[in-house]
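**Student:** What follows is upload01.tsv, TSV, C-alpha atoms.
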chain	number	residue	atom	x	y	z
U	1	MET	CA	-60.63	35.98	-24.49
U	2	SER	CA	-59.05	36.65	-27.88
U	3	PRO	CA	-61.39	36.61	-30.87
U	4	VAL	CA	-61.04	33.74	-33.30
U	5	PHE	CA	-59.88	34.87	-36.72
U	6	ASN	CA	-59.44	31.66	-38.68
U	7	THR	CA	-60.43	28.01	-38.81
U	8	VAL	CA	-58.07	25.24	-39.89
U	9	ARG	CA	-59.87	22.17	-41.23
U	10	SER	CA	-58.78	18.68	-42.18
U	11	LEU	CA	-60.64	15.41	-42.62
U	12	GLN	CA	-59.90	14.73	-38.94
U	13	PHE	CA	-60.25	18.12	-37.20
U	14	ASP	CA	-61.79	21.56	-37.22
U	15	VAL	CA	-59.65	23.98	-35.23
U	16	ALA	CA	-60.69	27.53	-34.40
U	17	VAL	CA	-57.46	29.50	-34.25
U	18	PRO	CA	-57.20	32.26	-31.62
U	19	ASN	CA	-55.42	35.47	-32.59
U	20	GLY	CA	-51.65	35.10	-32.39
U	21	TRP	CA	-51.68	31.30	-32.69
U	22	ASP	CA	-50.10	29.18	-35.41
U	23	VAL	CA	-51.83	25.83	-36.12
U	24	ARG	CA	-50.60	23.15	-38.52
U	25	ILE	CA	-52.22	19.79	-39.26
U	26	LYS	CA	-50.20	17.03	-40.90
U	27	ALA	CA	-50.17	13.28	-41.30
U	28	SER	CA	-47.49	11.33	-39.45
U	29	ALA	CA	-46.48	7.96	-40.86
U	30	ALA	CA	-46.80	5.07	-38.42
U	31	GLY	CA	-47.27	1.35	-38.52
U	32	ALA	CA	-45.36	-1.15	-40.60
U	33	GLN	CA	-42.89	0.75	-42.76
U	34	GLY	CA	-44.91	3.95	-42.47
U	35	SER	CA	-47.97	2.38	-44.08
U	36	VAL	CA	-50.61	4.30	-42.12
U	37	ASP	CA	-50.97	8.05	-41.84
U	38	TYR	CA	-52.18	9.39	-38.52
U	39	PRO	CA	-53.14	13.02	-37.93
U	40	VAL	CA	-50.97	15.38	-35.91
U	41	VAL	CA	-52.09	18.86	-34.86
U	42	HIS	CA	-49.38	21.29	-33.75
U	43	ALA	CA	-50.44	24.58	-32.21
U	44	ALA	CA	-48.55	27.36	-30.47
U	45	ASN	CA	-49.01	30.98	-29.49
U	46	PHE	CA	-45.96	31.80	-31.63
U	47	ALA	CA	-44.81	30.97	-35.16
U	48	LEU	CA	-44.07	27.26	-35.53
U	49	PRO	CA	-40.91	26.24	-37.37
U	50	THR	CA	-41.40	24.44	-40.66
U	51	THR	CA	-39.72	21.27	-39.40
U	52	ARG	CA	-41.22	19.77	-36.24
U	53	GLU	CA	-41.17	16.38	-34.58
U	54	ASP	CA	-44.52	14.97	-33.44
U	55	PHE	CA	-43.94	15.80	-29.76
U	56	GLY	CA	-42.40	19.21	-30.35
U	57	GLY	CA	-38.77	18.49	-31.07
U	58	ALA	CA	-37.33	21.58	-32.83
U	59	VAL	CA	-40.11	23.67	-31.26
U	60	LEU	CA	-39.68	23.56	-27.49
U	61	GLU	CA	-36.07	24.73	-27.55
U	62	ARG	CA	-37.27	27.96	-29.23
U	63	MET	CA	-40.02	28.75	-26.71
U	64	ASN	CA	-39.82	31.58	-24.22
U	65	ARG	CA	-41.48	31.90	-20.79
U	66	GLY	CA	-44.72	33.34	-22.19
U	67	GLN	CA	-45.28	30.71	-24.85
U	68	VAL	CA	-47.20	27.43	-25.08
U	69	PHE	CA	-47.16	24.44	-27.42
U	70	VAL	CA	-49.87	21.82	-27.99
U	71	ALA	CA	-49.61	18.54	-29.92
U	72	LEU	CA	-52.66	16.40	-30.60
U	73	LEU	CA	-51.66	13.04	-32.09
U	74	GLY	CA	-53.98	10.43	-33.57
U	75	TYR	CA	-53.28	6.70	-33.27
U	76	GLY	CA	-56.08	5.02	-35.23
U	77	ALA	CA	-59.13	3.07	-34.07
U	78	ASP	CA	-57.73	-0.25	-32.82
U	79	GLY	CA	-58.25	-0.37	-29.05
U	80	ALA	CA	-60.10	2.95	-28.82
U	81	GLY	CA	-61.96	3.30	-25.54
U	82	HIS	CA	-59.83	0.71	-23.73
U	83	GLY	CA	-56.81	0.68	-21.42
U	84	LEU	CA	-54.66	3.76	-21.71
U	85	PHE	CA	-57.19	5.23	-24.16
U	86	ALA	CA	-60.28	4.57	-21.99
U	87	PRO	CA	-61.01	8.24	-21.15
U	88	SER	CA	-63.62	9.61	-23.53
U	89	GLY	CA	-63.34	12.97	-25.29
U	90	LEU	CA	-60.72	15.66	-25.60
U	91	PRO	CA	-59.39	16.37	-22.09
U	92	GLY	CA	-60.18	19.74	-20.68
U	93	PRO	CA	-60.15	22.10	-19.21
U	94	LEU	CA	-56.59	21.32	-18.20
U	95	HIS	CA	-55.56	22.23	-14.66
U	96	PRO	CA	-52.27	24.04	-13.93
U	97	ASP	CA	-51.38	21.46	-11.26
U	98	TRP	CA	-51.32	18.74	-13.93
U	99	PHE	CA	-48.26	20.37	-15.56
U	100	ASP	CA	-44.98	18.91	-14.38
U	101	PRO	CA	-41.37	19.54	-15.44
U	102	HIS	CA	-40.84	15.75	-15.37
U	103	ALA	CA	-43.76	15.05	-17.73
U	104	MET	CA	-41.99	16.43	-20.77
U	105	GLN	CA	-40.86	14.21	-23.64
U	106	ARG	CA	-37.50	16.02	-23.48
U	107	PRO	CA	-36.94	18.10	-20.34
U	108	VAL	CA	-36.21	21.79	-20.94
U	109	ALA	CA	-35.21	23.93	-17.93
U	110	GLY	CA	-38.10	25.98	-16.54
U	111	MET	CA	-40.80	24.37	-18.71
U	112	ALA	CA	-43.53	21.91	-17.77
U	113	GLY	CA	-45.80	19.57	-19.68
U	114	VAL	CA	-48.80	17.31	-19.43
U	115	GLN	CA	-49.78	14.27	-21.45
U	116	ARG	CA	-53.28	12.78	-21.60
U	117	PHE	CA	-54.48	9.78	-23.62
U	118	PHE	CA	-58.12	9.48	-24.68
U	119	SER	CA	-60.54	8.24	-27.31
U	120	ALA	CA	-62.90	10.36	-29.38
U	121	GLN	CA	-65.08	9.60	-32.38
U	122	GLY	CA	-63.96	5.97	-32.36
U	123	ARG	CA	-60.22	6.76	-32.51
U	124	LYS	CA	-57.29	7.00	-30.08
U	125	PHE	CA	-55.42	10.23	-29.35
U	126	CYS	CA	-52.71	11.74	-27.20
U	127	LEU	CA	-52.77	15.36	-26.06
U	128	TYR	CA	-49.37	16.78	-25.14
U	129	ALA	CA	-49.14	20.38	-23.94
U	130	VAL	CA	-46.14	22.41	-22.76
U	131	VAL	CA	-45.90	25.76	-20.97
U	132	GLY	CA	-42.79	27.90	-21.34
U	133	SER	CA	-42.70	28.63	-17.61
U	134	TYR	CA	-43.67	26.32	-14.76
U	135	ALA	CA	-43.87	29.37	-12.48
U	136	ARG	CA	-46.38	31.08	-14.82
U	137	ARG	CA	-48.36	27.94	-15.64
U	138	ALA	CA	-51.72	29.20	-14.31
U	139	VAL	CA	-51.88	32.00	-16.89
U	140	LEU	CA	-50.37	29.91	-19.66
U	141	VAL	CA	-52.71	26.94	-19.12
U	142	ALA	CA	-55.67	29.32	-19.46
U	143	SER	CA	-54.52	30.12	-23.01
U	144	ILE	CA	-54.16	26.40	-23.79
U	145	ASN	CA	-57.70	25.81	-22.53
U	146	GLN	CA	-58.97	28.61	-24.77
U	147	PHE	CA	-57.32	26.91	-27.73
U	148	LEU	CA	-58.65	23.43	-26.81
U	149	ALA	CA	-62.18	24.81	-26.57
U	150	GLY	CA	-61.99	25.49	-30.31
U	151	VAL	CA	-60.89	21.97	-31.33
U	152	THR	CA	-63.47	19.61	-32.82
U	153	ILE	CA	-62.55	16.03	-33.66
U	154	GLN	CA	-64.56	14.83	-36.65
U	155	PRO	CA	-66.40	11.48	-36.60
U	156	ALA	CA	-64.40	8.57	-37.97
U	157	ALA	CA	-66.93	8.10	-40.79
U	158	SER	CA	-66.33	11.69	-41.95
U	159	ALA	CA	-62.58	11.18	-41.86
U	160	ALA	CA	-62.82	7.91	-43.82
U	161	GLN	CA	-65.00	9.44	-46.55
U	162	GLY	CA	-62.09	11.53	-47.78
U	163	ALA	CA	-59.60	8.66	-47.78
U	164	PRO	CA	-58.53	7.35	-51.21
Could you write out this file's structure as structure tokens?

**Tutor:**
Amino acid sequence: MSPVFNTVRSLQFDVAVPNGWDVRIKASAAGAQGSVDYPVVHAANFALPTTREDFGGAVLERMNRGQVFVALLGYGADGAGHGLFAPSGLPGPLHPDWFDPHAMQRPVAGMAGVQRFFSAQGRKFCLYAVVGSYARRAVLVASINQFLAGVTIQPAASAAQGAP
């Protein structure tokens, strides 16, 4: 296991960053005319490009067979704990068999992804993870699980306290 060298914090998340990983947290506009900002965490075991789409557009095409990408997207509180978002807590550990080349937002030859919806701290989230090689997914998923073990989703009250 690689030692953690840094922690990235926002009002929504604390993320322990393993050596060699790049983690960025941003707000993604959603809702009527972009009126609500939802958190997006992007993480990879390589340098992330400056411009990235929420589900990894502009990132996945640059990945090689030994690399992984993780997106954790927030969707607000309405409907948390129900329907698609009924599972409670950040999913994990992920299993290599859950990764499927057909589960990717945009298929890329040789890669595989997994998408899990859940609720945590009174809010809805989607976890989307991609491995650079379906054939090497067992090793690559282990590194994703190491990363996910260092992610803490802050309570909604803590996140709201910092809002203007």

**Student:** Mind giving me the straight-line distance from atom CA of Gly113 of chain U to atom CA of Arg9 of chain U in Å, one decimal?

**Tutor:**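 Rounded to one decimal, the two atoms are 25.9 Å apart.
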
**Student:** Kindly indicate which residue among U:Pro96, U:Gly66, U:Gly132, U:Gly20 lies nearest to Ala47 of chain U, using all atoms listed in the file for the distances.

**Tutor:**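 Among U:Pro96, U:Gly66, U:Gly132, U:Gly20, it is U:Gly20 that comes nearest to Ala47 of chain U.
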
**Student:** Enumerate, as a PyMOL selection string, the protein, DNA and RNA residues whose atoms approach (-59.9, 22.2, -17.8) to within 10 Å, taking into account all atoms listed in the file and the coordinate frame of the file.

**Tutor:** chain U and resi 91-96+141-142+144-146+148-149

**Student:** Output the selection as a compact mmCIF listing (two decimals), in the frame of the given file - C-alpha atoms for each residue.

**Tutor:**
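Dumped everything to out_9.txt:
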# COMPACT_ATOMS: atom_id res chain seq x y z
CA PRO U 91 -59.39 16.37 -22.09
CA GLY U 92 -60.18 19.74 -20.68
CA PRO U 93 -60.15 22.10 -19.21
CA LEU U 94 -56.59 21.32 -18.20
CA HIS U 95 -55.56 22.23 -14.66
CA PRO U 96 -52.27 24.04 -13.93
CA VAL U 141 -52.71 26.94 -19.12
CA ALA U 142 -55.67 29.32 -19.46
CA ILE U 144 -54.16 26.40 -23.79
CA ASN U 145 -57.70 25.81 -22.53
CA GLN U 146 -58.97 28.61 -24.77
CA LEU U 148 -58.65 23.43 -26.81
CA ALA U 149 -62.18 24.81 -26.57

**Student:** Work out how far atom CA of Gly74 of chain U is from atom CA of Val131 of chain U, in Å to one decimal.

**Tutor:**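 One can read the atom CA of Val131 of chain U to atom CA of Gly74 of chain U distance as 21.4 Å.
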
**Student:** Using only C-alpha atoms, can you tell me which of U:Ile153, U:Val114, U:Ala27, U:Ala43 comes closest to Leu127 of chain U?

**Tutor:** U:Val114

**Student:** In Å, how far is it from atom CA of Ser143 of chain U to atom CA of Ala156 of chain U?

**Tutor:**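 Computed distance, atom CA of Ser143 of chain U to atom CA of Ala156 of chain U, equals 28.0 Å.
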
**Student:** Would you please work out which residue, of U:Asp97, U:Asp14, U:Asp54, U:Asp78, is nearest to Gly122 of chain U when using only C-alpha atoms?

**Tutor:**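 When distances to Gly122 of chain U are compared using only C-alpha atoms, the smallest one comes from U:Asp78.
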
**Student:** Neighbouring residues of Ala103 of chain U were defined as those with any atom within 10 Å, considering only C-alpha atoms; residues of the same chain fewer than 3 positions away were excluded. Please report them as an MDAnalysis selection string.

**Tutor:** chainID U and resid 98:100 106:107 111:115 128:130

**Student:** Which residue is closest to Gly89 of chain U? Choose from U:Pro101, U:Pro155, U:Pro18, U:Gly57 and count all atoms listed in the file.

**Tutor:**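 Going through U:Pro101, U:Pro155, U:Pro18, U:Gly57 one by one, the smallest distance to Gly89 of chain U is for U:Pro155.
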